[in-house]
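**Student:** run.cif is the file, holding mmCIF, C-alpha atoms and all ligand atoms:
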```cif
data_input
#
loop_
_atom_site.label_atom_id
_atom_site.label_comp_id
_atom_site.auth_asym_id
_atom_site.auth_seq_id
_atom_site.Cartn_x
_atom_site.Cartn_y
_atom_site.Cartn_z
CA MET A 464 -83.28 32.15 -49.31
CA SER A 465 -80.50 30.34 -51.14
CA GLN A 466 -81.41 29.02 -54.58
CA GLU A 467 -78.66 26.41 -54.54
CA LEU A 468 -79.62 22.79 -54.83
CA PRO A 469 -78.31 20.57 -52.03
CA SER A 470 -75.18 18.64 -52.90
CA PRO A 471 -75.81 14.92 -53.44
CA ASP A 472 -72.81 14.32 -51.20
CA VAL A 473 -74.57 15.79 -48.19
CA MET A 474 -75.94 12.88 -46.17
CA ILE A 475 -77.04 14.73 -43.05
CA ASP A 476 -78.16 18.32 -43.11
CA LEU A 477 -79.54 20.14 -40.09
CA ILE A 478 -80.49 23.78 -40.32
CA LYS A 479 -81.42 25.67 -37.16
CA VAL A 480 -82.95 22.65 -35.50
CA SER A 481 -84.59 22.94 -32.09
CA LYS A 482 -86.25 20.35 -29.91
CA VAL A 483 -88.27 20.88 -26.74
CA TYR A 484 -89.53 17.98 -24.63
CA PRO A 485 -92.78 18.79 -22.86
CA PRO A 486 -93.33 20.75 -20.83
CA ASP A 487 -90.22 22.89 -21.24
CA VAL A 488 -86.96 20.93 -21.59
CA GLN A 489 -85.00 22.68 -24.32
CA ALA A 490 -82.92 19.72 -25.53
CA LEU A 491 -81.55 21.31 -28.73
CA THR A 492 -81.38 24.95 -29.83
CA ASP A 493 -80.63 26.17 -33.36
CA VAL A 494 -78.35 23.30 -34.31
CA SER A 495 -76.95 23.53 -37.84
CA LEU A 496 -74.72 20.79 -39.13
CA THR A 497 -73.70 19.20 -42.42
CA VAL A 498 -72.20 15.74 -42.76
CA ARG A 499 -70.95 14.52 -46.12
CA ARG A 500 -70.99 11.04 -47.57
CA GLY A 501 -68.24 8.86 -46.18
CA GLU A 502 -67.49 10.96 -43.10
CA ILE A 503 -67.14 9.63 -39.58
CA VAL A 504 -68.28 12.24 -37.09
CA PHE A 505 -67.98 12.00 -33.33
CA LEU A 506 -70.71 13.83 -31.45
CA THR A 507 -69.48 14.63 -27.98
CA GLY A 508 -70.70 16.52 -24.95
CA MET A 509 -71.63 16.01 -21.33
CA SER A 510 -74.54 13.90 -20.25
CA GLY A 511 -77.75 15.82 -21.03
CA ALA A 512 -76.11 17.92 -23.77
CA GLY A 513 -78.55 16.63 -26.40
CA LYS A 514 -76.52 13.94 -28.22
CA SER A 515 -79.17 11.20 -28.09
CA THR A 516 -81.86 13.67 -29.01
CA LEU A 517 -79.95 14.70 -32.11
CA LEU A 518 -79.57 11.08 -33.21
CA ARG A 519 -83.24 10.41 -32.48
CA LEU A 520 -84.24 13.34 -34.70
CA LEU A 521 -82.18 11.93 -37.56
CA SER A 522 -84.05 8.62 -37.49
CA ARG A 523 -87.40 10.29 -36.69
CA ILE A 524 -87.82 8.57 -33.36
CA GLU A 525 -88.37 12.14 -32.21
CA LYS A 526 -89.57 15.03 -34.33
CA ALA A 527 -87.88 18.43 -34.41
CA ASP A 528 -90.00 21.38 -33.33
CA LYS A 529 -88.19 23.83 -35.56
CA GLY A 530 -85.72 23.70 -38.41
CA LEU A 531 -84.82 21.41 -41.29
CA VAL A 532 -83.64 17.83 -40.83
CA GLU A 533 -82.55 16.15 -44.04
CA VAL A 534 -81.09 12.65 -44.07
CA ALA A 535 -79.93 10.95 -47.28
CA GLY A 536 -81.93 13.50 -49.23
CA ILE A 537 -85.13 12.85 -47.25
CA ASP A 538 -86.84 15.74 -45.52
CA VAL A 539 -87.28 13.93 -42.22
CA THR A 540 -89.51 16.50 -40.54
CA LYS A 541 -92.09 16.29 -43.32
CA LEU A 542 -91.90 12.54 -43.84
CA PRO A 543 -95.34 10.96 -43.37
CA GLN A 544 -95.47 8.18 -40.76
CA ARG A 545 -96.27 5.60 -43.44
CA GLN A 546 -93.03 6.48 -45.27
CA ILE A 547 -90.70 6.12 -42.32
CA HIS A 548 -89.56 2.69 -43.50
CA VAL A 549 -87.92 4.44 -46.49
CA LEU A 550 -85.71 6.40 -44.09
CA ARG A 551 -85.06 3.44 -41.79
CA ARG A 552 -83.78 1.34 -44.67
CA LYS A 553 -81.04 3.87 -45.28
CA VAL A 554 -80.19 4.41 -41.63
CA GLY A 555 -78.82 1.80 -39.23
CA MET A 556 -79.40 2.69 -35.59
CA ALA A 557 -77.58 1.34 -32.55
CA TYR A 558 -79.12 3.22 -29.67
CA GLN A 559 -78.85 2.90 -25.91
CA ASP A 560 -82.27 1.33 -25.45
CA PHE A 561 -81.32 -1.77 -27.39
CA LYS A 562 -84.93 -2.64 -28.27
CA LEU A 563 -84.12 -6.30 -28.75
CA LEU A 564 -86.94 -8.82 -28.81
CA PRO A 565 -86.24 -10.53 -25.48
CA GLU A 566 -87.58 -13.99 -26.23
CA ARG A 567 -86.10 -14.25 -29.71
CA THR A 568 -82.62 -15.55 -30.33
CA VAL A 569 -79.63 -13.35 -31.05
CA ALA A 570 -79.71 -14.53 -34.68
CA ASP A 571 -83.41 -13.68 -35.02
CA ASN A 572 -82.82 -10.20 -33.64
CA ILE A 573 -80.09 -9.52 -36.18
CA ALA A 574 -82.02 -11.10 -39.05
CA ILE A 575 -84.95 -8.70 -38.66
CA SER A 576 -83.36 -5.76 -40.44
CA MET A 577 -82.39 -8.00 -43.35
CA GLU A 578 -85.78 -9.70 -43.59
CA VAL A 579 -87.59 -6.40 -44.03
CA ALA A 580 -85.21 -5.70 -46.93
CA TYR A 581 -86.11 -9.06 -48.49
CA ARG A 582 -82.63 -10.50 -48.23
CA ALA A 583 -82.33 -14.20 -49.07
CA PRO A 584 -82.17 -16.61 -46.09
CA VAL A 585 -78.71 -17.83 -47.14
CA PHE A 586 -77.42 -14.25 -47.17
CA ILE A 587 -79.04 -13.54 -43.79
CA GLU A 588 -77.45 -16.54 -42.12
CA LYS A 589 -74.00 -15.79 -43.58
CA ARG A 590 -74.12 -12.12 -42.62
CA THR A 591 -75.40 -12.89 -39.12
CA ARG A 592 -72.62 -15.41 -38.46
CA GLU A 593 -70.01 -13.03 -39.86
CA LEU A 594 -71.12 -10.18 -37.59
CA LEU A 595 -71.36 -12.38 -34.51
CA ASP A 596 -67.90 -13.72 -35.23
CA ARG A 597 -66.47 -10.23 -35.57
CA LEU A 598 -68.08 -9.14 -32.32
CA ASP A 599 -66.94 -12.20 -30.38
CA LEU A 600 -70.51 -13.46 -29.99
CA ALA A 601 -70.43 -16.55 -32.19
CA LYS A 602 -71.42 -18.80 -29.29
CA LYS A 603 -74.55 -16.75 -28.62
CA TYR A 604 -76.15 -17.35 -32.04
CA ALA A 605 -79.12 -19.29 -30.63
CA THR A 606 -79.29 -17.65 -27.20
CA PRO A 607 -82.47 -15.70 -26.35
CA ALA A 608 -81.67 -11.99 -26.09
CA GLU A 609 -83.06 -11.83 -22.54
CA GLU A 610 -80.25 -14.12 -21.35
CA LEU A 611 -77.48 -11.80 -22.52
CA SER A 612 -75.44 -9.37 -20.45
CA ARG A 613 -75.85 -5.67 -21.24
CA GLY A 614 -72.56 -5.61 -23.11
CA GLU A 615 -73.68 -8.56 -25.22
CA GLN A 616 -77.04 -6.93 -25.90
CA GLN A 617 -75.23 -3.81 -26.96
CA ARG A 618 -73.15 -5.74 -29.47
CA VAL A 619 -76.24 -7.47 -30.84
CA SER A 620 -77.89 -4.11 -31.39
CA ILE A 621 -74.76 -2.94 -33.20
CA ALA A 622 -74.76 -6.07 -35.37
CA ARG A 623 -78.44 -5.50 -36.16
CA ALA A 624 -77.72 -1.89 -37.14
CA LEU A 625 -74.92 -2.92 -39.50
CA ALA A 626 -76.49 -6.07 -40.91
CA ASN A 627 -78.11 -4.52 -43.93
CA PHE A 628 -75.16 -2.33 -44.95
CA PRO A 629 -76.91 0.98 -44.23
CA GLU A 630 -75.71 4.12 -45.98
CA ILE A 631 -75.78 5.94 -42.68
CA LEU A 632 -74.97 4.46 -39.29
CA LEU A 633 -75.98 6.23 -36.09
CA ALA A 634 -74.47 4.86 -32.89
CA ASP A 635 -75.31 6.17 -29.43
CA GLU A 636 -72.61 5.49 -26.82
CA PRO A 637 -71.49 2.30 -28.58
CA SER A 638 -68.80 1.62 -25.97
CA GLY A 639 -71.13 2.26 -23.03
CA ASN A 640 -71.14 -1.29 -21.68
CA LEU A 641 -67.98 -2.62 -23.28
CA ASP A 642 -64.40 -3.19 -22.18
CA PRO A 643 -61.60 -1.67 -24.29
CA GLN A 644 -60.90 -4.89 -26.24
CA THR A 645 -64.54 -5.34 -27.22
CA THR A 646 -64.84 -1.64 -28.01
CA ALA A 647 -61.94 -2.10 -30.44
CA LEU A 648 -63.86 -4.88 -32.22
CA VAL A 649 -66.84 -2.55 -32.60
CA MET A 650 -64.74 0.34 -33.87
CA ASP A 651 -63.00 -1.95 -36.37
CA LEU A 652 -66.39 -2.89 -37.78
CA PHE A 653 -67.43 0.76 -37.96
CA HIS A 654 -64.26 1.72 -39.80
CA GLU A 655 -64.64 -1.14 -42.22
CA HIS A 656 -68.22 -0.09 -42.89
CA ASN A 657 -67.03 3.46 -43.43
CA ARG A 658 -64.39 2.32 -45.91
CA LYS A 659 -67.20 0.85 -47.99
CA GLY A 660 -68.68 4.34 -48.27
CA ALA A 661 -70.98 4.61 -45.25
CA THR A 662 -71.45 7.80 -43.30
CA ILE A 663 -71.20 7.31 -39.55
CA MET A 664 -72.18 9.46 -36.61
CA ILE A 665 -71.14 8.29 -33.15
CA ALA A 666 -72.45 9.99 -30.02
CA THR A 667 -70.05 9.39 -27.16
CA HIS A 668 -68.41 10.83 -24.12
CA ASP A 669 -65.70 8.17 -24.31
CA ARG A 670 -62.60 10.12 -25.31
CA SER A 671 -60.69 6.96 -26.16
CA LEU A 672 -62.91 6.53 -29.22
CA TYR A 673 -61.86 9.74 -30.91
CA GLN A 674 -58.67 10.85 -29.19
CA ALA A 675 -56.33 9.29 -31.72
CA THR A 676 -58.41 9.80 -34.85
CA SER A 677 -58.36 12.52 -37.47
CA HIS A 678 -62.12 12.34 -37.86
CA ARG A 679 -64.33 15.31 -37.18
CA MET A 680 -65.43 15.88 -33.64
CA ILE A 681 -68.33 18.15 -32.81
CA GLU A 682 -69.47 19.10 -29.37
CA LEU A 683 -72.89 19.87 -27.98
CA ARG A 684 -73.15 22.07 -24.90
CA PHE A 685 -76.54 22.50 -23.31
CA GLY A 686 -78.22 21.69 -26.61
CA ARG A 687 -76.12 24.03 -28.73
CA LEU A 688 -73.38 23.13 -31.15
CA ARG A 689 -70.08 24.46 -29.97
CA THR A 690 -68.21 24.20 -33.25
CA GLU A 691 -69.12 26.54 -36.06
CA PRO A 692 -70.45 24.48 -38.98
CA ALA A 693 -68.13 26.04 -41.57
CA GLU A 694 -65.10 25.52 -39.38
CA ALA A 695 -66.20 21.98 -38.61
CA ALA A 696 -66.50 21.12 -42.29
CA ASP A 697 -62.94 22.28 -42.85
CA ASN A 698 -61.69 20.23 -39.95
CA GLY A 699 -63.32 17.10 -41.23
CA ALA A 700 -61.42 14.12 -42.42
CA PRO A 701 -61.67 13.69 -46.16
CA PRO A 702 -64.70 11.66 -47.13
CA GLY A 703 -63.91 7.97 -47.35
CA ASP A 704 -64.52 5.71 -50.27
CA THR A 705 -67.08 7.44 -52.43
CA ALA A 706 -67.50 4.46 -54.70
CA ALA A 707 -70.84 3.78 -53.10
CA ALA A 708 -72.26 7.14 -54.23
CA GLY A 709 -75.68 6.69 -55.63
CA LEU A 710 -76.31 3.30 -54.05
CA THR A 711 -79.31 2.89 -51.81
CA ALA A 712 -77.24 0.83 -49.40
CA VAL A 713 -73.55 0.46 -48.87
CA GLU A 714 -72.70 -2.63 -50.83
CA GLU A 715 -70.98 -5.59 -49.36
CA VAL A 716 -67.76 -6.69 -51.02
P1 LIG B 801 -77.32 13.25 -24.00
O1 LIG B 801 -77.56 12.15 -24.98
O2 LIG B 801 -76.26 14.21 -24.43
O3 LIG B 801 -77.08 12.74 -22.61
P2 LIG B 801 -80.17 13.77 -24.26
O4 LIG B 801 -80.45 14.07 -25.65
O5 LIG B 801 -80.49 12.39 -23.75
O6 LIG B 801 -78.65 14.13 -23.92
O7 LIG B 801 -80.97 14.79 -23.34
C1 LIG B 801 -81.00 16.18 -23.58
C2 LIG B 801 -81.94 16.81 -22.59
O8 LIG B 801 -83.28 16.39 -22.88
C3 LIG B 801 -81.69 16.41 -21.14
O9 LIG B 801 -82.01 17.53 -20.32
C4 LIG B 801 -82.67 15.29 -20.90
O10 LIG B 801 -83.02 15.18 -19.54
C5 LIG B 801 -83.84 15.71 -21.76
N1 LIG B 801 -84.62 14.58 -22.29
C6 LIG B 801 -84.18 13.59 -23.07
N2 LIG B 801 -85.19 12.76 -23.42
C7 LIG B 801 -86.31 13.26 -22.84
C8 LIG B 801 -87.69 12.86 -22.84
N3 LIG B 801 -88.10 11.80 -23.51
N4 LIG B 801 -88.56 13.64 -22.15
C9 LIG B 801 -88.15 14.74 -21.50
N5 LIG B 801 -86.87 15.17 -21.46
C10 LIG B 801 -85.96 14.45 -22.12
#
```
Mind turning the file's structure into structure tokens?
Ligand code: ADP
**Tutor:**
Amino acid sequence: MSQELPSPDVMIDLIKVSKVYPPDVQALTDVSLTVRRGEIVFLTGMSGAGKSTLLRLLSRIEKADKGLVEVAGIDVTKLPQRQIHVLRRKVGMAYQDFKLLPERTVADNIAISMEVAYRAPVFIEKRTRELLDRLDLAKKYATPAEELSRGEQQRVSIARALANFPEILLADEPSGNLDPQTTALVMDLFHEHNRKGATIMIATHDRSLYQATSHRMIELRFGRLRTEPAEAADNGAPPGDTAAAGLTAVEEV
């Protein structure tokens, strides 16, 4: 066993993680992976490769069967249910099942993540309008979520994930229901968030998202990581702005 203390710059650390869905679907096998503060990492692989499962383990929507999952210094596998809010405050999640409250307005849905962090109403309204503006949804501020198209719902879930300036952002197929122009708006927001110090992991099979970037790309195949962790770390883009080190959330500027 190594006696080394984990580096404070490590934001996501997976060691030999496996996940089986009952009765016998081996979704992930021995996945080891380290992501440092300020990195953007693209998680790729065919449908069924285990991308969503990996993201769900990081936010403890699912629990790993074996291995270590550490996120922002929190041992996620051992985290008691009553402490999950501590993890969720550090991690913004934009997943494929948007989980919007259908009868509540777009603004209400985005406000939720800020309300639980006790943000002031003035801040919440400003941040909500800013995000909706950036995502070309300004006109939908007061629209109930159930009246939105899938692409609009997707953008609302992305806005909700970003609203509270999370240290870590996990996005599952963020371009899934979007045209290229709208995808570009989303990616601009992600990059801006990253420049403020956030660590971002994007699961996608949309090559256009990562083709022209220098960011790290890792591939899952049948639940196994294709890239060797050490090699992957070397290939990674240099961590972004580290000014946010030590903050509990990426600070707005
Ligand atoms: P990806 O996101 O790469 O498409 P997933 O993580 O969704 O892959 O799925 C990995 C494997 O786990 C697939 O074989 C899928 O069918 C299976 N799987 C995912 N979620 C569940 C679940 N809740 N119950 C059973 N099997 C599941």
**Student:** Any idea what's packed within 7 Å of Val539 of chain A, counting only C-alpha atoms, ignoring anything in its chain fewer than 6 positions away? Could you give it as a PDB file with C-alpha atoms, in the frame of the given file?
**Tutor:**
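Generated output (part-v1.pdb):
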```pdb
ATOM      1  CA  ARG A 523     -87.400  10.290 -36.690  1.00  0.00           C
ATOM      2  CA  VAL A 532     -83.640  17.830 -40.830  1.00  0.00           C
ATOM      3  CA  GLU A 533     -82.550  16.150 -44.040  1.00  0.00           C
TER       4      GLU A 533
END
```
**Student:** So which residues are near ligand LIG 801 (chain B), meaning at most 8 Å away with all atoms listed in the file counted, given back as a PyMOL selection string?
**Tutor:** chain A and resi 483-486+488-491+507-517+635+666+683+685-686
**Student:** Set the distance at 12 Å and use all atoms listed in the file: which residues neighbour Glu610 of chain A once local chain neighbours fewer than 5 positions away are removed? I'd like the list as a PDB file with C-alpha atoms, in the coordinates of the input.
**Tutor:**
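Final file, part.pdb:
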```
ATOM      1  CA  LEU A 563     -84.120  -6.300 -28.750  1.00  0.00           C
ATOM      2  CA  LEU A 564     -86.940  -8.820 -28.810  1.00  0.00           C
ATOM      3  CA  PRO A 565     -86.240 -10.530 -25.480  1.00  0.00           C
ATOM      4  CA  GLU A 566     -87.580 -13.990 -26.230  1.00  0.00           C
ATOM      5  CA  ARG A 567     -86.100 -14.250 -29.710  1.00  0.00           C
ATOM      6  CA  THR A 568     -82.620 -15.550 -30.330  1.00  0.00           C
ATOM      7  CA  VAL A 569     -79.630 -13.350 -31.050  1.00  0.00           C
ATOM      8  CA  LYS A 603     -74.550 -16.750 -28.620  1.00  0.00           C
ATOM      9  CA  TYR A 604     -76.150 -17.350 -32.040  1.00  0.00           C
ATOM     10  CA  ALA A 605     -79.120 -19.290 -30.630  1.00  0.00           C
ATOM     11  CA  GLU A 615     -73.680  -8.560 -25.220  1.00  0.00           C
ATOM     12  CA  GLN A 616     -77.040  -6.930 -25.900  1.00  0.00           C
TER      13      GLN A 616
END
```
**Student:** Counting only C-alpha atoms, which of A:Ile575, A:Ile665, A:Ile475, A:Val585 gets nearest to Met650 of chain A?
**Tutor:**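 When distances to Met650 of chain A are compared using only C-alpha atoms, the smallest one comes from A:Ile665.
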**Student:** State, in Å with one decimal place, the distance from atom CA of Arg500 of chain A to atom CA of Val554 of chain A.
**Tutor:**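 Atom CA of Val554 of chain A lies 12.8 Å from atom CA of Arg500 of chain A.
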**Student:** Neighbouring residues of Leu652 of chain A were defined as those with any atom within 12 Å, considering all atoms listed in the file; residues of the same chain fewer than 2 positions away were excluded. Please report them as a ChimeraX atom specification.
**Tutor:** /A:593-599,618,621-622,624-626,628,632,637,645-650,654-659,661,663
**Student:** Put those residues in a file: C-alpha atoms, as a compact mmCIF listing (two decimals), in the coordinates of the input.
**Tutor:**
```
# COMPACT_ATOMS: atom_id res chain seq x y z
CA GLU A 593 -70.01 -13.03 -39.86
CA LEU A 594 -71.12 -10.18 -37.59
CA LEU A 595 -71.36 -12.38 -34.51
CA ASP A 596 -67.90 -13.72 -35.23
CA ARG A 597 -66.47 -10.23 -35.57
CA LEU A 598 -68.08 -9.14 -32.32
CA ASP A 599 -66.94 -12.20 -30.38
CA ARG A 618 -73.15 -5.74 -29.47
CA ILE A 621 -74.76 -2.94 -33.20
CA ALA A 622 -74.76 -6.07 -35.37
CA ALA A 624 -77.72 -1.89 -37.14
CA LEU A 625 -74.92 -2.92 -39.50
CA ALA A 626 -76.49 -6.07 -40.91
CA PHE A 628 -75.16 -2.33 -44.95
CA LEU A 632 -74.97 4.46 -39.29
CA PRO A 637 -71.49 2.30 -28.58
CA THR A 645 -64.54 -5.34 -27.22
CA THR A 646 -64.84 -1.64 -28.01
CA ALA A 647 -61.94 -2.10 -30.44
CA LEU A 648 -63.86 -4.88 -32.22
CA VAL A 649 -66.84 -2.55 -32.60
CA MET A 650 -64.74 0.34 -33.87
CA HIS A 654 -64.26 1.72 -39.80
CA GLU A 655 -64.64 -1.14 -42.22
CA HIS A 656 -68.22 -0.09 -42.89
CA ASN A 657 -67.03 3.46 -43.43
CA ARG A 658 -64.39 2.32 -45.91
CA LYS A 659 -67.20 0.85 -47.99
CA ALA A 661 -70.98 4.61 -45.25
CA ILE A 663 -71.20 7.31 -39.55
```
**Student:** Find the spatial neighbours of Leu477 of chain A, counting all atoms listed in the file, within a cut-off of 8 Å - ignore same-chain residues fewer than 6 positions away - and output them as a count of residues only.
**Tutor:** 8
**Student:** Report, in Å with one decimal, the straight-line distance from atom CA of Ser576 of chain A to atom CA of Val549 of chain A.
**Tutor:**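 Between atom CA of Ser576 of chain A and atom CA of Val549 of chain A the gap is 12.7 Å.
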**Student:** For the atom pair atom CA of Glu578 of chain A and atom CA of Leu542 of chain A, what is the interatomic distance in Å to one decimal place?
**Tutor:**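 If I compute the distance from atom CA of Glu578 of chain A to atom CA of Leu542 of chain A, I get 23.1 Å.
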**Student:** Hey, what's within 10 Å of Gly614 of chain A if we count all atoms listed in the file and toss same-chain stuff fewer than 5 positions away? As a list in words, please?
**Tutor:**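 Using all atoms listed in the file, the neighbours found are Val619, Ser620, Pro637, Ser638, Gly639, Asn640, Leu641, Asp642, Thr645 and Thr646 of chain A.
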**Student:** Within 8 Å of (-84.6, 22.8, -33.7), all atoms listed in the file: residues as a PyMOL selection string?
**Tutor:** chain A and resi 478-482+491-494+527-531
**Student:** Distance cut-off 6 Å, centre (-74.0, 8.4, -45.3) in file coordinates, counting all atoms listed in the file: which residues qualify? Return them as a PyMOL selection string.
**Tutor:** chain A and resi 474+500-501+630-631+661-662
**Student:** Go ahead and write the residues just picked, C-alpha atoms, as a PDB file, in the frame of the given file.
**Tutor:**
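Writing the result to result-v9.pdb gives the following:
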```pdb
ATOM      1  CA  MET A 474     -75.940  12.880 -46.170  1.00  0.00           C
ATOM      2  CA  ARG A 500     -70.990  11.040 -47.570  1.00  0.00           C
ATOM      3  CA  GLY A 501     -68.240   8.860 -46.180  1.00  0.00           C
ATOM      4  CA  GLU A 630     -75.710   4.120 -45.980  1.00  0.00           C
ATOM      5  CA  ILE A 631     -75.780   5.940 -42.680  1.00  0.00           C
ATOM      6  CA  ALA A 661     -70.980   4.610 -45.250  1.00  0.00           C
ATOM      7  CA  THR A 662     -71.450   7.800 -43.300  1.00  0.00           C
TER       8      THR A 662
END
```
**Student:** Return the single residue from A:Leu520, A:Thr591, A:Gly536, A:Asn627 that is closest to Arg552 of chain A, with distances computed using only C-alpha atoms.
**Tutor:**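 For Arg552 of chain A, the nearest of the candidates is A:Asn627.
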**Student:** Counting all atoms listed in the file, which of A:Val498, A:Leu611, A:Val579, A:Val534 gets nearest to Ser522 of chain A?
**Tutor:**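 Under the stated criterion, the closest residue is A:Val534.
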**Student:** Would you mind completing segment 565-582 of chain A so that it carries N, CA and C atoms, and writing it out as an mmCIF file, in the frame of the given file?
**Tutor:**
```cif
data_model
loop_
_atom_site.group_PDB
_atom_site.id
_atom_site.type_symbol
_atom_site.label_atom_id
_atom_site.label_comp_id
_atom_site.auth_asym_id
_atom_site.auth_seq_id
_atom_site.Cartn_x
_atom_site.Cartn_y
_atom_site.Cartn_z
ATOM 1 N N PRO A 565 -86.882 -9.764 -26.537
ATOM 2 C CA PRO A 565 -86.240 -10.530 -25.480
ATOM 3 C C PRO A 565 -86.318 -12.042 -25.626
ATOM 4 N N GLU A 566 -87.419 -12.536 -26.162
ATOM 5 C CA GLU A 566 -87.580 -13.990 -26.230
ATOM 6 C C GLU A 566 -87.020 -14.594 -27.505
ATOM 7 N N ARG A 567 -86.654 -13.745 -28.445
ATOM 8 C CA ARG A 567 -86.100 -14.250 -29.710
ATOM 9 C C ARG A 567 -84.587 -14.417 -29.583
ATOM 10 N N THR A 568 -84.054 -15.294 -30.406
ATOM 11 C CA THR A 568 -82.620 -15.550 -30.330
ATOM 12 C C THR A 568 -81.827 -14.340 -30.849
ATOM 13 N N VAL A 569 -80.552 -14.376 -30.546
ATOM 14 C CA VAL A 569 -79.630 -13.350 -31.050
ATOM 15 C C VAL A 569 -79.710 -13.304 -32.580
ATOM 16 N N ALA A 570 -79.669 -14.483 -33.208
ATOM 17 C CA ALA A 570 -79.710 -14.530 -34.680
ATOM 18 C C ALA A 570 -80.996 -13.920 -35.205
ATOM 19 N N ASP A 571 -82.118 -14.237 -34.565
ATOM 20 C CA ASP A 571 -83.410 -13.680 -35.020
ATOM 21 C C ASP A 571 -83.387 -12.159 -34.927
ATOM 22 N N ASN A 572 -82.835 -11.656 -33.840
ATOM 23 C CA ASN A 572 -82.820 -10.200 -33.640
ATOM 24 C C ASN A 572 -82.000 -9.502 -34.729
ATOM 25 N N ILE A 573 -80.927 -10.139 -35.144
ATOM 26 C CA ILE A 573 -80.090 -9.520 -36.180
ATOM 27 C C ILE A 573 -80.740 -9.680 -37.557
ATOM 28 N N ALA A 574 -81.424 -10.811 -37.736
ATOM 29 C CA ALA A 574 -82.020 -11.100 -39.050
ATOM 30 C C ALA A 574 -83.125 -10.103 -39.410
ATOM 31 N N ILE A 575 -83.761 -9.533 -38.408
ATOM 32 C CA ILE A 575 -84.950 -8.700 -38.660
ATOM 33 C C ILE A 575 -84.700 -7.604 -39.697
ATOM 34 N N SER A 576 -83.586 -6.888 -39.530
ATOM 35 C CA SER A 576 -83.360 -5.760 -40.440
ATOM 36 C C SER A 576 -83.114 -6.234 -41.870
ATOM 37 N N MET A 577 -82.636 -7.480 -42.005
ATOM 38 C CA MET A 577 -82.390 -8.000 -43.350
ATOM 39 C C MET A 577 -83.673 -8.576 -43.951
ATOM 40 N N GLU A 578 -84.517 -9.137 -43.085
ATOM 41 C CA GLU A 578 -85.780 -9.700 -43.590
ATOM 42 C C GLU A 578 -86.674 -8.626 -44.178
ATOM 43 N N VAL A 579 -86.721 -7.465 -43.496
ATOM 44 C CA VAL A 579 -87.590 -6.400 -44.030
ATOM 45 C C VAL A 579 -87.062 -5.863 -45.360
ATOM 46 N N ALA A 580 -85.779 -6.124 -45.639
ATOM 47 C CA ALA A 580 -85.210 -5.700 -46.930
ATOM 48 C C ALA A 580 -85.215 -6.855 -47.933
ATOM 49 N N TYR A 581 -85.953 -7.905 -47.601
ATOM 50 C CA TYR A 581 -86.110 -9.060 -48.490
ATOM 51 C C TYR A 581 -84.787 -9.707 -48.887
ATOM 52 N N ARG A 582 -83.864 -9.780 -47.953
ATOM 53 C CA ARG A 582 -82.630 -10.500 -48.230
ATOM 54 C C ARG A 582 -82.904 -12.012 -48.221
#
```
